[in-house]
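Novice: The structure that follows is given in the form of structure tokens.
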Amino acid sequence: MRELAELRDVVQEWCALEQDAQETAELIELVIQEEDYSLAEELHTKIDQLSSQLGKSEFQIMFDGDYDLRDVVLAVHAGAGGVDSQDWADMLLRMYIRWAERSHRQAEVLEVTPGEEAGIKSALIEIKGKYAYGYLKSERGVHRLVRLSPFDADHARHTSFALVEILPEVKDPVEIDIRSEDLKVDTFGSSGPGGQHMQKTDSAVRITHIPTGIIATCQSQRSQLQNKEAAMKVLHARLLEIEMKKRAAEQSKLKGAHASAGWGNQIRSYVLHPYKMIKDHRTNYETSNATSVLDGDIDELSEAYLRWSVGKD
């Protein structure tokens with residue numbers, strides 16, 4: 001029923017576009033027949049609107065993957081580069097949260113492991129909204145940052161790396177069969193912010209999937225039940241990722257080859273010194289507006305990737 005509702009929305013969008021096209025054609029015919037050029041301004045406006053709507057609808061055709069319409073669980077991991085890489089992972093986390101806000105999607109931080117001095121070692125966030133996975137699948141891979149390090153006394157130029165994972169939401173637990181006897185559930189006191197309640201009670205939850213060794217942890221919610229539900233959602237997503245890897249026909253589209261967060265594996269470079277430039281090494285898309293991108297304006301990068309990826313798989 002959910003899939004039917006999603007497909008119905010797509011059909012309705014194209015029906016509305018067809019209706020707009022018919023109205024525009026009728027207006028053009030009226031202007032020609034009546035030679036009433038007072039309607040020219042209105043006609044230009046309708047043509048511009050129709051062109052814009054058509055471009056958006058045509059672009060959405062590229063969201064043809066099985067999971068493109070779904071919400072996502074996004075993971076960020078600091079890689080090579082020490083404290084700078086942990087700060088870089090924190091910058092990427094903020095970038096994706098800002099993207100969600102800009103695109104009117106909901107972002108919730110599920111788990112954060114702080115760095116020793118600054119930044120984060122890793123983080124998990126859930127982003128909800130239409131085509132969230134479709135847009136963010138372009139972010140999967142190693143991201144490289146070049147800048148003057150704020151953590152270097154000599155203020156020298158440093159290169160750091162972070163790995164981003166994109167996991168599609170499991171909408172129905174039936175998709176992934178998890179037996180209760182295969183789970184080990186541990187509770188412990190939350191170590192993060194949240195007030196006295198979270199610090200005094202064992203509200204944090206760690207779930208271990210024994211057959212695979214996958215561990216999902218959540219301590220961002222106030223109650224143990226909420227944390228368990230969030231951890232199970234992450235576990236479902238990670239097991240779905242494993243299932244996706246088993247499907248040879250979809251492997252390159254949905255997962256791609258594993259890459260360590262270090263030299264030679266980056267999908268995108270963010271250069272902030274001696275000049276500002278962001279370049280995606282798969283599509284060769286470049287922009288000098290690094291500030292805007294790091295503030296969440298990544299749609300053009302995502303769209304360039306989607307256009308580039310058509311026919312690649």
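Residues in the structure tokens are named by chain (A, B, ... in the order shown) and by number from 1 within that chain; ligands are numbered from 1 in the order shown.
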Could you list, as a PyMOL selection string, every residue within 6 Å of range 272-278 of chain A, counting only C-alpha atoms and ignoring same-chain residues fewer than 5 positions away?

Specialist: chain A and resi 146-147+286-288

Novice: Would you mind listing what lies within 10 Å of range 20-22 of chain A as a PyMOL selection string, with only C-alpha atoms counted and same-chain residues fewer than 5 positions away left out?

Specialist: chain A and resi 14-15+27-28+46-47+49-51+53-54

Novice: Can you measure CA of Glu58 in chain A to CA of Arg8 in chain A for me? One decimal in Å is fine.

Specialist: 16.6 Å

Novice: Neighbours of range 213-226 of chain A within 7 Å (only C-alpha atoms; same-chain residues fewer than 4 positions away dropped), as a PyMOL selection string?

Specialist: chain A and resi 110-111+190+198+203-209+230-231+234-235

Novice: Include C-alpha atoms and write out the residues we just selected as a short mmCIF file (atom, residue, chain, number, x, y, z; two decimals), in the first residue's frame.

Specialist:
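Output saved as part_25.cif:
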data_model
loop_
_atom_site.label_atom_id
_atom_site.label_comp_id
_atom_site.auth_asym_id
_atom_site.auth_seq_id
_atom_site.Cartn_x
_atom_site.Cartn_y
_atom_site.Cartn_z
CA LEU A 110 20.83 8.48 16.54
CA GLU A 111 24.38 8.03 17.82
CA SER A 190 24.19 7.14 28.65
CA MET A 198 19.76 9.81 31.07
CA SER A 203 18.61 3.97 29.04
CA ALA A 204 21.27 3.38 26.36
CA VAL A 205 20.93 0.18 24.32
CA ARG A 206 23.48 -1.92 22.45
CA ILE A 207 22.16 -4.71 20.20
CA THR A 208 24.52 -7.35 18.80
CA HIS A 209 23.41 -9.51 15.89
CA ALA A 230 16.20 3.24 17.09
CA ALA A 231 18.97 0.64 17.43
CA VAL A 234 19.88 0.78 12.39
CA LEU A 235 20.39 -2.98 12.64
#

Novice: According to DSSP computed on the backbone, where in range 13-84 of chain A is there strand (DSSP E or B)? Give the residues as number ranges by chain.

Specialist: A: 72-78

Novice: Can you write out the residues you just picked, keeping N, CA and C atoms, as a short mmCIF file (atom, residue, chain, number, x, y, z; two decimals), in the first residue's frame?

Specialist:
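The result, stored in selection30.cif:
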data_model
loop_
_atom_site.label_atom_id
_atom_site.label_comp_id
_atom_site.auth_asym_id
_atom_site.auth_seq_id
_atom_site.Cartn_x
_atom_site.Cartn_y
_atom_site.Cartn_z
N VAL A 72 16.68 7.40 4.90
CA VAL A 72 18.01 6.80 4.99
C VAL A 72 18.55 6.89 6.40
N VAL A 73 19.47 5.97 6.70
CA VAL A 73 20.34 6.09 7.87
C VAL A 73 21.73 6.39 7.32
N LEU A 74 22.28 7.51 7.71
CA LEU A 74 23.57 7.96 7.19
C LEU A 74 24.61 7.86 8.30
N ALA A 75 25.75 7.24 7.98
CA ALA A 75 26.84 7.08 8.94
C ALA A 75 28.06 7.85 8.46
N VAL A 76 28.72 8.56 9.38
CA VAL A 76 29.95 9.29 9.08
C VAL A 76 31.05 8.75 9.99
N HIS A 77 32.21 8.41 9.41
CA HIS A 77 33.33 7.87 10.18
C HIS A 77 34.59 8.68 9.87
N ALA A 78 35.28 9.12 10.91
CA ALA A 78 36.56 9.80 10.71
C ALA A 78 37.58 8.79 10.18
#

Novice: Pick from A:Asn284, A:Asn265, A:Thr159, A:Ser52: nearest to Asp84 in chain A, with only C-alpha atoms counted?

Specialist: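 Of all the options, A:Thr159 lies closest to Asp84 in chain A.
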